[in-house]
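Everything on this sheet refers to the single structure shown next.
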Amino acid sequence: RTLTWGCALRLSLFFSSNVPHPTPLDSSSSATFLDVRAKISITLEPAQPTEEDNVTLVVHGLLGELLVYNWYTGPTLSVSYLLASYIVSTGDETPGSVYTGREAVRPNSSLDIQSILPRHSGTYILQTFNRQFETEVGYRHMQVYEILAQPTVLANSTALVERRDTLRLTCGSPSPIAKVRWFFNGGALPVALRLGLSPGGRTISRHGIRWEEAGAYQREMWNSVSVSRSKPINLTVYFGQECVAILQDSNTHTGCTIKVDLNTSLTLWCVSRSCPEPEYVWAFNRQALRNGQDHLNISSMTTAQEGTYTCIVKNTKTLLSGSASVVVKLSAAAVAMMIVPVPTKPMEDQDVTLTVQGYPKDLLVYAWYCGLASEPNWLLSQLPSGTWIAGPTHTGREVGFPSCSLLVQKLNLTDTGRYTLKTVTLQGKTEMLDMELQVTH
């Protein structure tokens, strides 16, 4: 016969005349079940017991003068599940096979359990006998809720490489009956990670982890009376290099070419999406520069700084690399030639360089003159072959450079005066430029 939750069946039980006292009913008892007339109900105090509570299973609806109470904890009325027997007339209590020392039967048939534990969860059955050897049976299921300790989260690794590694998160302190939920950065798990949850939610597996799944993971356990959340475990996902670019002044996007005014400064920034921060290598016209930073400074732009700048980045964790290049040129207004003496106020016995800025890139030949550009004043020239030719005013102290600049060594006061530069390009374009040099004593 099936028993209904929290109720009892009153059953007439006939024993042979040689049985002096009622005994616990088990599968070997010979009994005939007759009418169903009364019901026993059992309630819990407190209604939702937690571990270490003192709990009473309170019995309601008993009828007549009773002789014996038998309490069982288990699925059936079997001696192997007998908790205790109580004889009403004497108040004697006899422990059963599953008695733990925490249980006590009250004279009114209720059952006290001291300092209850989760393992005491289960079905409790009360069996009573009256003077007519009639028995009533009632039962109640009791769930003892655990006060949940703070759970832990274990990871196969907290530093993974994107698209290569697999993430595995497991519960370090699972409770068999607590429910589990996971949090990512304090919110819900990303869809891909939810798909990797095990059926019971105890583990997460994510193949080919993505960079956006880096962050703080927490696990929460909860039941009807307790909630506990783990400390966050922080996951780092290494990725990159991606989207390498060179920017001007850290936030201005550049194209393939940057034009800069003469003698102005320029900072090139190399940016990329990468974790961790990559290593940087800069090159100018394919020649490596001694710079391991994410930026490159050009303090004073001249024609010598014109060319192609390349930034190469390498991720030491993913072993991936990338690069970007820009061309830096003087702006159109800055291309006009000018002569700048270095030092600007040379003195007697010093050397001075007449530096030429903005000289034509397609230069064919140039000539320097002491004074106006005329044959008697000719100082020196450079031919297309690179051969130097000294003119009539050459003193042996003057040296020319491919950039058209002129070095005059060990100045004397007679070097004061006008100096004229004449350039001829491959297209036959001729330009004249002069300056006045003043040598101080």
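In the structure tokens, each chain is lettered A, B, ... as it comes, each chain's residues begin at 1, and ligands are numbered from 1 in order of appearance.
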
Q: Tell me, as a count of residues only, which residues lie within 9 Å of A:Pro75, counting only C-alpha atoms; anything in the same chain fewer than 5 positions away does not count.
A: 5

Q. Do you know which residues are at most 12 Å from A:Ser299 counting only C-alpha atoms, after dropping those on the same chain fewer than 5 positions away, and could you put them as a PyMOL selection string?
A. chain A and resi 260-268+305

File of the preceding selection, N, CA and C atoms, as a CSV table (one decimal), in the first residue's frame:
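Output saved as part-v5.csv:
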```
chain,number,residue,atom,x,y,z
A,260,VAL,N,55.9,66.8,-42.3
A,260,VAL,CA,56.3,67.6,-41.1
A,260,VAL,C,57.1,68.8,-41.6
A,261,ASP,N,56.8,69.9,-40.8
A,261,ASP,CA,57.6,71.2,-41.1
A,261,ASP,C,59.0,71.1,-40.7
A,262,LEU,N,59.8,71.8,-41.4
A,262,LEU,CA,61.3,71.8,-41.1
A,262,LEU,C,61.5,72.3,-39.6
A,263,ASN,N,62.4,71.6,-39.0
A,263,ASN,CA,62.9,71.9,-37.6
A,263,ASN,C,61.8,71.7,-36.5
A,264,THR,N,60.7,71.1,-36.9
A,264,THR,CA,59.7,70.7,-35.9
A,264,THR,C,59.9,69.3,-35.4
A,265,SER,N,59.3,69.0,-34.2
A,265,SER,CA,59.5,67.7,-33.6
A,265,SER,C,58.3,66.8,-34.0
A,266,LEU,N,58.6,65.5,-33.9
A,266,LEU,CA,57.6,64.5,-34.2
A,266,LEU,C,57.7,63.3,-33.3
A,267,THR,N,56.6,62.8,-32.8
A,267,THR,CA,56.6,61.5,-32.1
A,267,THR,C,55.7,60.5,-32.8
A,268,LEU,N,56.3,59.4,-33.1
A,268,LEU,CA,55.5,58.3,-33.7
A,268,LEU,C,55.3,57.2,-32.6
A,305,GLN,N,66.1,63.2,-41.8
A,305,GLN,CA,65.1,62.3,-41.2
A,305,GLN,C,64.0,61.9,-42.1
```

Q: Tell me which of A:Lys410, A:Val98, A:Asn156, A:Val58 sits closest to A:Ser80, counting only C-alpha atoms.
A: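 Closest to A:Ser80, using only C-alpha atoms: A:Val98.
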
Q. With only C-alpha atoms as the basis for distance, which of A:Gln114, A:Thr316, A:Ser224, A:Ser173 is at the shortest distance from A:Val55?
A.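 With only C-alpha atoms as the atom set, the closest residue is A:Gln114.
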
**Q.** Nearest to A:Val237, chosen from A:Ala288, A:Arg163, A:Gly172, A:Ala192, with only C-alpha atoms counted in the distances
**A.** A:Arg163

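Atom pair atom CA of A:Val326 / atom CA of A:Lys361: separated by 19.3 Å.
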
Mind checking DSSP for stretch 137-363 of chain A and telling me the strand (DSSP E or B) residues as a short mmCIF file (atom, residue, chain, number, x, y, z; two decimals) with N, CA, C and O atoms, in the first residue's frame?
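As written to disk, out31.cif reads:
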```cif
data_model
loop_
_atom_site.label_atom_id
_atom_site.label_comp_id
_atom_site.auth_asym_id
_atom_site.auth_seq_id
_atom_site.Cartn_x
_atom_site.Cartn_y
_atom_site.Cartn_z
N VAL A 137 0.45 4.16 11.29
CA VAL A 137 1.76 4.47 10.71
C VAL A 137 1.69 5.86 10.07
O VAL A 137 0.78 6.14 9.29
N GLY A 138 2.66 6.71 10.42
CA GLY A 138 2.79 8.02 9.80
C GLY A 138 4.24 8.29 9.43
O GLY A 138 5.15 7.75 10.05
N TYR A 139 4.45 9.09 8.43
CA TYR A 139 5.84 9.34 8.06
C TYR A 139 6.01 10.77 7.60
O TYR A 139 5.07 11.47 7.25
N ARG A 140 7.29 11.19 7.64
CA ARG A 140 7.65 12.55 7.22
C ARG A 140 9.07 12.52 6.65
O ARG A 140 9.97 11.91 7.24
N HIS A 141 9.22 13.17 5.50
CA HIS A 141 10.57 13.32 4.95
C HIS A 141 11.20 14.59 5.52
O HIS A 141 10.56 15.64 5.57
N MET A 142 12.44 14.50 5.96
CA MET A 142 13.15 15.66 6.53
C MET A 142 14.41 15.91 5.72
O MET A 142 15.22 15.01 5.51
N TYR A 145 19.37 21.08 5.91
CA TYR A 145 20.12 21.95 5.02
C TYR A 145 21.48 22.29 5.62
O TYR A 145 21.60 22.61 6.80
N VAL A 153 37.25 27.63 -6.29
CA VAL A 153 37.28 27.34 -7.73
C VAL A 153 38.70 26.96 -8.10
O VAL A 153 39.65 27.68 -7.76
N LEU A 154 38.86 25.85 -8.79
CA LEU A 154 40.17 25.39 -9.24
C LEU A 154 40.23 25.51 -10.75
O LEU A 154 39.27 25.17 -11.46
N ALA A 155 41.35 26.01 -11.26
CA ALA A 155 41.55 26.18 -12.71
C ALA A 155 42.76 25.38 -13.15
O ALA A 155 43.75 25.27 -12.41
N ALA A 159 46.51 31.44 -16.82
CA ALA A 159 47.11 32.20 -17.92
C ALA A 159 47.13 31.30 -19.16
O ALA A 159 47.88 30.33 -19.23
N LEU A 160 46.26 31.62 -20.13
CA LEU A 160 46.08 30.78 -21.31
C LEU A 160 46.33 31.59 -22.57
O LEU A 160 46.22 32.82 -22.57
N VAL A 161 46.63 30.89 -23.66
CA VAL A 161 46.86 31.52 -24.96
C VAL A 161 45.58 31.40 -25.79
O VAL A 161 45.00 30.31 -25.91
N THR A 166 42.79 25.34 -23.59
CA THR A 166 41.47 25.01 -23.07
C THR A 166 41.37 25.41 -21.61
O THR A 166 42.28 25.14 -20.82
N LEU A 167 40.27 26.05 -21.25
CA LEU A 167 40.01 26.43 -19.86
C LEU A 167 39.16 25.34 -19.20
O LEU A 167 38.16 24.90 -19.76
N ARG A 168 39.56 24.95 -17.97
CA ARG A 168 38.76 24.01 -17.17
C ARG A 168 38.66 24.58 -15.76
O ARG A 168 39.66 24.75 -15.07
N LEU A 169 37.44 24.88 -15.35
CA LEU A 169 37.16 25.34 -13.99
C LEU A 169 36.35 24.28 -13.28
O LEU A 169 35.36 23.77 -13.84
N THR A 170 36.74 23.93 -12.07
CA THR A 170 36.03 22.91 -11.30
C THR A 170 35.77 23.41 -9.89
O THR A 170 36.46 24.30 -9.39
N CYS A 171 34.75 22.80 -9.26
CA CYS A 171 34.43 23.12 -7.88
C CYS A 171 35.41 22.41 -6.96
O CYS A 171 35.55 21.19 -7.02
N LYS A 179 22.75 23.74 -4.87
CA LYS A 179 22.69 24.14 -6.26
C LYS A 179 23.86 25.08 -6.57
O LYS A 179 24.40 25.72 -5.67
N VAL A 180 24.24 25.13 -7.84
CA VAL A 180 25.45 25.86 -8.23
C VAL A 180 25.12 26.84 -9.34
O VAL A 180 24.34 26.54 -10.25
N ARG A 181 25.70 28.03 -9.25
CA ARG A 181 25.65 28.97 -10.36
C ARG A 181 27.01 29.68 -10.45
O ARG A 181 27.70 29.83 -9.45
N TRP A 182 27.32 30.14 -11.66
CA TRP A 182 28.62 30.76 -11.93
C TRP A 182 28.44 32.21 -12.30
O TRP A 182 27.42 32.61 -12.87
N PHE A 183 29.48 33.01 -12.01
CA PHE A 183 29.48 34.44 -12.35
C PHE A 183 30.77 34.79 -13.07
O PHE A 183 31.83 34.24 -12.77
N PHE A 184 30.66 35.72 -14.02
CA PHE A 184 31.80 36.22 -14.77
C PHE A 184 31.82 37.73 -14.65
O PHE A 184 30.88 38.40 -15.06
N GLY A 187 28.69 39.17 -13.32
CA GLY A 187 27.45 38.98 -14.07
C GLY A 187 27.33 37.57 -14.62
O GLY A 187 28.02 36.64 -14.18
N LEU A 197 29.23 24.19 -19.66
CA LEU A 197 28.91 23.73 -18.31
C LEU A 197 28.58 22.24 -18.33
O LEU A 197 27.91 21.73 -19.24
N THR A 203 31.42 21.91 -13.36
CA THR A 203 32.65 22.22 -14.09
C THR A 203 32.32 23.04 -15.34
O THR A 203 31.20 23.00 -15.86
N ILE A 204 33.32 23.80 -15.79
CA ILE A 204 33.23 24.56 -17.04
C ILE A 204 34.42 24.16 -17.91
O ILE A 204 35.55 24.13 -17.43
N SER A 205 34.15 23.86 -19.16
CA SER A 205 35.21 23.58 -20.13
C SER A 205 35.01 24.49 -21.33
O SER A 205 33.90 24.63 -21.84
N ARG A 206 36.10 25.13 -21.75
CA ARG A 206 36.03 26.04 -22.90
C ARG A 206 37.25 25.79 -23.78
O ARG A 206 38.38 26.13 -23.44
N HIS A 207 37.01 25.16 -24.93
CA HIS A 207 38.09 24.88 -25.88
C HIS A 207 38.36 26.13 -26.73
O HIS A 207 37.44 26.79 -27.18
N GLY A 215 39.00 37.42 -17.31
CA GLY A 215 38.33 38.18 -16.25
C GLY A 215 38.22 37.36 -14.98
O GLY A 215 38.95 36.38 -14.77
N ALA A 216 37.29 37.77 -14.11
CA ALA A 216 37.12 37.17 -12.79
C ALA A 216 35.96 36.18 -12.81
O ALA A 216 34.84 36.54 -13.21
N TYR A 217 36.23 34.95 -12.39
CA TYR A 217 35.21 33.89 -12.33
C TYR A 217 34.92 33.55 -10.87
O TYR A 217 35.84 33.46 -10.05
N GLN A 218 33.63 33.38 -10.56
CA GLN A 218 33.22 32.98 -9.22
C GLN A 218 32.14 31.90 -9.32
O GLN A 218 31.38 31.85 -10.29
N ARG A 219 32.11 31.08 -8.28
CA ARG A 219 31.11 30.02 -8.18
C ARG A 219 30.31 30.26 -6.91
O ARG A 219 30.87 30.56 -5.86
N GLU A 220 29.01 30.12 -7.03
CA GLU A 220 28.12 30.31 -5.88
C GLU A 220 27.33 29.03 -5.63
O GLU A 220 26.79 28.42 -6.55
N MET A 221 27.29 28.62 -4.37
CA MET A 221 26.44 27.49 -3.95
C MET A 221 25.29 28.06 -3.13
O MET A 221 25.47 29.00 -2.36
N TRP A 222 24.13 27.43 -3.28
CA TRP A 222 22.99 27.90 -2.50
C TRP A 222 22.00 26.78 -2.28
O TRP A 222 21.90 25.82 -3.06
N VAL A 227 23.58 30.77 1.33
CA VAL A 227 24.21 31.15 0.07
C VAL A 227 25.66 31.46 0.36
O VAL A 227 25.98 32.14 1.33
N SER A 228 26.56 30.97 -0.48
CA SER A 228 27.98 31.26 -0.29
C SER A 228 28.65 31.35 -1.66
O SER A 228 28.43 30.50 -2.52
N ARG A 229 29.47 32.40 -1.82
CA ARG A 229 30.15 32.63 -3.10
C ARG A 229 31.66 32.58 -2.91
O ARG A 229 32.19 33.08 -1.92
N ILE A 233 38.52 34.05 -9.09
CA ILE A 233 39.76 33.56 -9.67
C ILE A 233 39.94 34.30 -10.99
O ILE A 233 39.04 34.30 -11.85
N ASN A 234 41.06 34.97 -11.15
CA ASN A 234 41.27 35.87 -12.29
C ASN A 234 42.01 35.14 -13.41
O ASN A 234 43.09 34.58 -13.18
N LEU A 235 41.41 35.17 -14.58
CA LEU A 235 41.95 34.49 -15.74
C LEU A 235 42.55 35.50 -16.71
O LEU A 235 41.90 36.50 -17.07
N THR A 236 43.78 35.26 -17.13
CA THR A 236 44.45 36.07 -18.14
C THR A 236 44.50 35.27 -19.45
O THR A 236 44.85 34.09 -19.43
N VAL A 237 44.14 35.92 -20.53
CA VAL A 237 44.19 35.29 -21.86
C VAL A 237 45.17 36.08 -22.71
O VAL A 237 44.96 37.27 -22.98
N TYR A 238 46.25 35.44 -23.12
CA TYR A 238 47.25 36.09 -23.97
C TYR A 238 46.77 36.07 -25.42
O TYR A 238 46.32 35.03 -25.92
N PHE A 239 46.88 37.22 -26.09
CA PHE A 239 46.45 37.29 -27.49
C PHE A 239 47.29 38.34 -28.21
O PHE A 239 47.96 39.17 -27.60
N GLY A 240 47.19 38.32 -29.53
CA GLY A 240 47.91 39.31 -30.35
C GLY A 240 49.16 38.69 -30.94
O GLY A 240 49.54 37.58 -30.58
N GLN A 241 49.79 39.37 -31.93
CA GLN A 241 49.56 40.77 -32.26
C GLN A 241 48.39 40.95 -33.25
O GLN A 241 48.24 40.18 -34.16
N GLU A 242 47.64 42.02 -33.01
CA GLU A 242 46.54 42.36 -33.91
C GLU A 242 46.51 43.87 -34.12
O GLU A 242 46.81 44.65 -33.23
N CYS A 243 46.13 44.28 -35.32
CA CYS A 243 45.87 45.69 -35.66
C CYS A 243 47.06 46.59 -35.31
O CYS A 243 46.91 47.60 -34.62
N VAL A 244 48.24 46.23 -35.79
CA VAL A 244 49.42 47.07 -35.55
C VAL A 244 49.31 48.34 -36.40
O VAL A 244 48.98 48.27 -37.58
N ALA A 245 49.58 49.49 -35.79
CA ALA A 245 49.49 50.77 -36.50
C ALA A 245 50.47 51.75 -35.88
O ALA A 245 50.85 51.62 -34.72
N ILE A 246 50.89 52.74 -36.69
CA ILE A 246 51.74 53.82 -36.21
C ILE A 246 50.90 55.09 -36.20
O ILE A 246 50.32 55.47 -37.22
N LEU A 247 50.82 55.73 -35.04
CA LEU A 247 50.05 56.94 -34.88
C LEU A 247 50.99 58.12 -34.64
O LEU A 247 52.09 57.95 -34.12
N GLN A 248 50.50 59.29 -34.99
CA GLN A 248 51.25 60.51 -34.74
C GLN A 248 50.72 61.17 -33.48
O GLN A 248 49.52 61.36 -33.34
N THR A 252 46.46 60.56 -33.03
CA THR A 252 46.09 60.98 -34.38
C THR A 252 46.40 59.86 -35.36
O THR A 252 47.55 59.45 -35.49
N HIS A 253 45.38 59.34 -36.00
CA HIS A 253 45.60 58.26 -36.97
C HIS A 253 46.33 58.82 -38.20
O HIS A 253 46.06 59.93 -38.65
N THR A 257 51.71 58.34 -45.29
CA THR A 257 52.72 59.39 -45.33
C THR A 257 52.40 60.45 -44.29
O THR A 257 51.24 60.86 -44.13
N ILE A 258 53.44 60.91 -43.59
CA ILE A 258 53.32 62.02 -42.65
C ILE A 258 54.20 63.15 -43.15
O ILE A 258 55.39 62.94 -43.42
N LYS A 259 53.64 64.34 -43.27
CA LYS A 259 54.41 65.51 -43.70
C LYS A 259 54.65 66.41 -42.51
O LYS A 259 53.71 66.73 -41.75
N VAL A 260 55.90 66.83 -42.33
CA VAL A 260 56.32 67.57 -41.15
C VAL A 260 57.05 68.83 -41.59
O VAL A 260 57.82 68.81 -42.56
N LEU A 266 58.56 65.51 -33.89
CA LEU A 266 57.55 64.51 -34.25
C LEU A 266 57.72 63.30 -33.35
O LEU A 266 58.84 62.85 -33.09
N THR A 267 56.59 62.78 -32.84
CA THR A 267 56.59 61.54 -32.07
C THR A 267 55.71 60.52 -32.77
O THR A 267 54.53 60.78 -33.05
N LEU A 268 56.28 59.37 -33.07
CA LEU A 268 55.55 58.26 -33.68
C LEU A 268 55.25 57.23 -32.59
O LEU A 268 56.16 56.81 -31.87
N TRP A 269 53.98 56.81 -32.49
CA TRP A 269 53.55 55.82 -31.50
C TRP A 269 53.16 54.53 -32.21
O TRP A 269 52.42 54.54 -33.19
N CYS A 270 53.65 53.42 -31.69
CA CYS A 270 53.30 52.10 -32.23
C CYS A 270 52.24 51.48 -31.32
O CYS A 270 52.47 51.31 -30.11
N VAL A 271 51.09 51.16 -31.87
CA VAL A 271 49.99 50.60 -31.08
C VAL A 271 49.55 49.27 -31.69
O VAL A 271 49.65 49.06 -32.90
N SER A 272 49.06 48.40 -30.81
CA SER A 272 48.52 47.12 -31.26
C SER A 272 47.66 46.54 -30.15
O SER A 272 47.76 46.94 -28.99
N ARG A 273 46.81 45.59 -30.52
CA ARG A 273 46.01 44.85 -29.52
C ARG A 273 46.82 43.63 -29.13
O ARG A 273 47.05 42.72 -29.94
N SER A 274 47.23 43.60 -27.87
CA SER A 274 48.13 42.53 -27.45
C SER A 274 48.08 42.37 -25.95
O SER A 274 47.92 43.34 -25.21
N CYS A 275 48.19 41.14 -25.50
CA CYS A 275 48.38 40.82 -24.09
C CYS A 275 49.35 39.64 -24.01
O CYS A 275 49.08 38.60 -24.61
N GLU A 279 57.06 43.31 -27.31
CA GLU A 279 58.38 43.90 -27.50
C GLU A 279 58.35 44.75 -28.77
O GLU A 279 57.70 44.39 -29.75
N TYR A 280 59.10 45.87 -28.76
CA TYR A 280 59.09 46.81 -29.88
C TYR A 280 60.47 46.92 -30.51
O TYR A 280 61.48 46.97 -29.79
N VAL A 281 60.51 46.95 -31.83
CA VAL A 281 61.75 47.21 -32.58
C VAL A 281 61.41 48.23 -33.66
O VAL A 281 60.46 48.04 -34.43
N TRP A 282 62.19 49.33 -33.73
CA TRP A 282 61.99 50.36 -34.74
C TRP A 282 63.10 50.26 -35.79
O TRP A 282 64.24 49.91 -35.48
N ALA A 283 62.74 50.59 -37.02
CA ALA A 283 63.72 50.62 -38.11
C ALA A 283 63.49 51.87 -38.94
O ALA A 283 62.35 52.33 -39.10
N PHE A 284 64.60 52.43 -39.44
CA PHE A 284 64.53 53.60 -40.33
C PHE A 284 65.23 53.23 -41.63
O PHE A 284 66.42 52.90 -41.64
N GLN A 287 67.00 50.00 -41.52
CA GLN A 287 68.12 49.89 -40.58
C GLN A 287 67.57 49.97 -39.16
O GLN A 287 66.84 50.91 -38.82
N ALA A 288 67.90 48.95 -38.34
CA ALA A 288 67.37 48.90 -36.98
C ALA A 288 67.87 50.08 -36.16
O ALA A 288 69.02 50.51 -36.28
N HIS A 295 57.31 54.18 -28.60
CA HIS A 295 57.27 55.43 -29.36
C HIS A 295 58.68 55.82 -29.81
O HIS A 295 59.68 55.35 -29.25
N LEU A 296 58.73 56.67 -30.82
CA LEU A 296 59.99 57.14 -31.39
C LEU A 296 59.92 58.65 -31.56
O LEU A 296 58.96 59.17 -32.14
N ASN A 297 60.92 59.35 -31.01
CA ASN A 297 60.94 60.81 -31.07
C ASN A 297 61.90 61.30 -32.15
O ASN A 297 63.03 60.81 -32.25
N ILE A 298 61.45 62.26 -32.95
CA ILE A 298 62.30 63.00 -33.89
C ILE A 298 62.30 64.43 -33.39
O ILE A 298 61.28 65.13 -33.48
N GLY A 307 62.19 59.57 -44.68
CA GLY A 307 62.32 58.17 -45.07
C GLY A 307 61.20 57.33 -44.50
O GLY A 307 60.16 57.85 -44.05
N THR A 308 61.39 56.01 -44.50
CA THR A 308 60.37 55.05 -44.05
C THR A 308 60.70 54.58 -42.64
O THR A 308 61.80 54.07 -42.37
N TYR A 309 59.72 54.73 -41.74
CA TYR A 309 59.85 54.28 -40.36
C TYR A 309 58.96 53.05 -40.15
O TYR A 309 57.77 53.08 -40.50
N THR A 310 59.53 52.00 -39.60
CA THR A 310 58.81 50.74 -39.41
C THR A 310 58.86 50.34 -37.94
O THR A 310 59.92 50.43 -37.30
N CYS A 311 57.71 49.92 -37.42
CA CYS A 311 57.64 49.38 -36.06
C CYS A 311 57.29 47.90 -36.14
O CYS A 311 56.30 47.52 -36.78
N ILE A 312 58.10 47.07 -35.50
CA ILE A 312 57.87 45.62 -35.45
C ILE A 312 57.56 45.24 -34.01
O ILE A 312 58.30 45.61 -33.09
N VAL A 313 56.45 44.55 -33.80
CA VAL A 313 56.05 44.14 -32.45
C VAL A 313 56.00 42.62 -32.39
O VAL A 313 55.64 41.95 -33.35
N LYS A 314 56.37 42.07 -31.20
CA LYS A 314 56.37 40.63 -31.00
C LYS A 314 55.80 40.31 -29.63
O LYS A 314 56.20 40.89 -28.63
N SER A 321 53.88 37.98 -34.30
CA SER A 321 54.46 39.30 -34.52
C SER A 321 53.71 40.02 -35.63
O SER A 321 52.97 39.41 -36.40
N GLY A 322 53.92 41.33 -35.68
CA GLY A 322 53.30 42.14 -36.72
C GLY A 322 54.09 43.42 -36.89
O GLY A 322 54.99 43.73 -36.10
N SER A 323 53.78 44.18 -37.93
CA SER A 323 54.53 45.41 -38.19
C SER A 323 53.65 46.42 -38.91
O SER A 323 52.60 46.08 -39.47
N ALA A 324 54.12 47.67 -38.87
CA ALA A 324 53.47 48.76 -39.59
C ALA A 324 54.54 49.76 -40.00
O ALA A 324 55.58 49.87 -39.34
N SER A 325 54.31 50.48 -41.11
CA SER A 325 55.29 51.44 -41.61
C SER A 325 54.60 52.73 -42.04
O SER A 325 53.43 52.71 -42.45
N VAL A 326 55.35 53.83 -41.92
CA VAL A 326 54.90 55.12 -42.45
C VAL A 326 56.09 55.81 -43.11
O VAL A 326 57.25 55.54 -42.78
N VAL A 327 55.79 56.69 -44.05
CA VAL A 327 56.81 57.50 -44.71
C VAL A 327 56.73 58.91 -44.14
O VAL A 327 55.65 59.50 -44.10
N VAL A 328 57.86 59.43 -43.68
CA VAL A 328 57.92 60.78 -43.11
C VAL A 328 58.65 61.68 -44.11
O VAL A 328 59.77 61.36 -44.55
N LYS A 329 57.99 62.79 -44.46
CA LYS A 329 58.57 63.75 -45.41
C LYS A 329 58.43 65.15 -44.87
O LYS A 329 57.55 65.45 -44.06
N LEU A 330 59.32 66.00 -45.34
CA LEU A 330 59.16 67.42 -45.06
C LEU A 330 57.99 67.96 -45.86
O LEU A 330 57.76 67.56 -47.01
N MET A 338 67.69 76.29 -47.34
CA MET A 338 68.22 77.34 -46.48
C MET A 338 69.57 76.88 -45.92
O MET A 338 69.83 75.68 -45.83
N ILE A 339 70.43 77.89 -45.61
CA ILE A 339 71.75 77.61 -45.09
C ILE A 339 71.78 78.03 -43.62
O ILE A 339 71.42 79.18 -43.29
N VAL A 340 72.17 77.10 -42.76
CA VAL A 340 72.22 77.37 -41.32
C VAL A 340 73.64 77.10 -40.85
O VAL A 340 74.13 75.96 -40.96
N PRO A 341 74.36 78.12 -40.34
CA PRO A 341 75.71 77.88 -39.83
C PRO A 341 75.66 77.19 -38.46
O PRO A 341 74.83 77.52 -37.61
N VAL A 342 76.54 76.24 -38.25
CA VAL A 342 76.65 75.53 -36.97
C VAL A 342 78.13 75.55 -36.57
O VAL A 342 78.96 74.95 -37.27
N MET A 347 83.56 81.62 -33.96
CA MET A 347 84.66 82.50 -33.55
C MET A 347 85.94 82.08 -34.26
O MET A 347 86.03 80.98 -34.83
N VAL A 352 83.33 75.71 -38.59
CA VAL A 352 81.93 76.01 -38.81
C VAL A 352 81.43 75.16 -39.98
O VAL A 352 82.17 74.92 -40.94
N THR A 353 80.19 74.65 -39.86
CA THR A 353 79.55 73.91 -40.96
C THR A 353 78.38 74.72 -41.46
O THR A 353 77.48 75.08 -40.69
N LEU A 354 78.41 75.02 -42.74
CA LEU A 354 77.29 75.70 -43.38
C LEU A 354 76.33 74.59 -43.85
O LEU A 354 76.48 74.00 -44.92
N THR A 355 75.36 74.28 -42.95
CA THR A 355 74.45 73.16 -43.18
C THR A 355 73.34 73.58 -44.15
O THR A 355 72.70 74.62 -43.96
N VAL A 356 73.12 72.76 -45.16
CA VAL A 356 72.10 73.05 -46.17
C VAL A 356 70.88 72.18 -45.88
O VAL A 356 70.96 70.95 -45.87
N GLN A 357 69.76 72.80 -45.60
CA GLN A 357 68.51 72.10 -45.34
C GLN A 357 67.58 72.29 -46.53
O GLN A 357 67.49 73.37 -47.10
N LEU A 363 69.61 66.01 -56.98
CA LEU A 363 70.77 66.87 -57.22
C LEU A 363 71.73 66.23 -58.23
O LEU A 363 72.03 65.04 -58.14
#
```

Q: Please run DSSP on the backbone and report, as a PyMOL selection string, all residues within stretch 134-228 of chain A that come out as helix (DSSP H, G or I).
A: chain A and resi 191-194+211-213

Let me see the file: selected residues, N, CA and C atoms, as a PDB file, in the first residue's frame.
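again.pdb, written as the output of this step:
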```
ATOM      1  N   VAL A 191      27.898  33.262 -23.380  1.00  0.00           N
ATOM      2  CA  VAL A 191      27.170  32.123 -23.968  1.00  0.00           C
ATOM      3  C   VAL A 191      28.099  30.941 -24.209  1.00  0.00           C
ATOM      4  N   ALA A 192      29.274  31.186 -24.758  1.00  0.00           N
ATOM      5  CA  ALA A 192      30.187  30.082 -25.075  1.00  0.00           C
ATOM      6  C   ALA A 192      30.584  29.306 -23.828  1.00  0.00           C
ATOM      7  N   LEU A 193      30.718  29.992 -22.708  1.00  0.00           N
ATOM      8  CA  LEU A 193      31.080  29.316 -21.469  1.00  0.00           C
ATOM      9  C   LEU A 193      29.886  28.579 -20.880  1.00  0.00           C
ATOM     10  N   ARG A 194      28.690  29.129 -21.037  1.00  0.00           N
ATOM     11  CA  ARG A 194      27.495  28.410 -20.555  1.00  0.00           C
ATOM     12  C   ARG A 194      27.330  27.089 -21.305  1.00  0.00           C
ATOM     13  N   TRP A 211      40.020  36.050 -26.041  1.00  0.00           N
ATOM     14  CA  TRP A 211      40.542  37.115 -25.189  1.00  0.00           C
ATOM     15  C   TRP A 211      39.439  37.797 -24.396  1.00  0.00           C
ATOM     16  N   GLU A 212      38.236  37.902 -24.969  1.00  0.00           N
ATOM     17  CA  GLU A 212      37.159  38.584 -24.262  1.00  0.00           C
ATOM     18  C   GLU A 212      36.622  37.768 -23.087  1.00  0.00           C
ATOM     19  N   GLU A 213      37.079  36.521 -22.942  1.00  0.00           N
ATOM     20  CA  GLU A 213      36.651  35.686 -21.820  1.00  0.00           C
ATOM     21  C   GLU A 213      37.641  35.745 -20.652  1.00  0.00           C
TER      22      GLU A 213
END
```

Q.
Can you measure atom CA of A:Arg164 to atom CA of A:Lys317 for me? One decimal in Å is fine.
A.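 One can read the atom CA of A:Arg164 to atom CA of A:Lys317 distance as 11.5 Å.
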
Q: Do a neighbour search on A:Pro49 at 10 Å with only C-alpha atoms, toss out local chain neighbours closer than 5 positions, and write the hits as a PyMOL selection string.
A: chain A and resi 44+54-56+116-118+121+142-146+225

Q) Quick one, how far is atom CA of A:Ala304 from atom CA of A:Gly391? A)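 One can read the atom CA of A:Ala304 to atom CA of A:Gly391 distance as 27.7 Å.
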
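In this comparison, which uses only C-alpha atoms, the residue of A:Thr430, A:Thr100, A:Ser374, A:Ser381 approaching A:Ser115 most closely is A:Thr100.
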
Q: Measuring atom to atom with only C-alpha atoms, identify which of A:Ile209, A:Leu189, A:Leu364, A:Leu111 is nearest to A:Thr158.
A: A:Ile209

Q) So, counting only C-alpha atoms, which residue among A:Gln427, A:Thr395, A:Ser157, A:Asn70 is closest to A:Asp415? A)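 Looking only at the distances to A:Asp415, the closest residue turns out to be A:Thr395.
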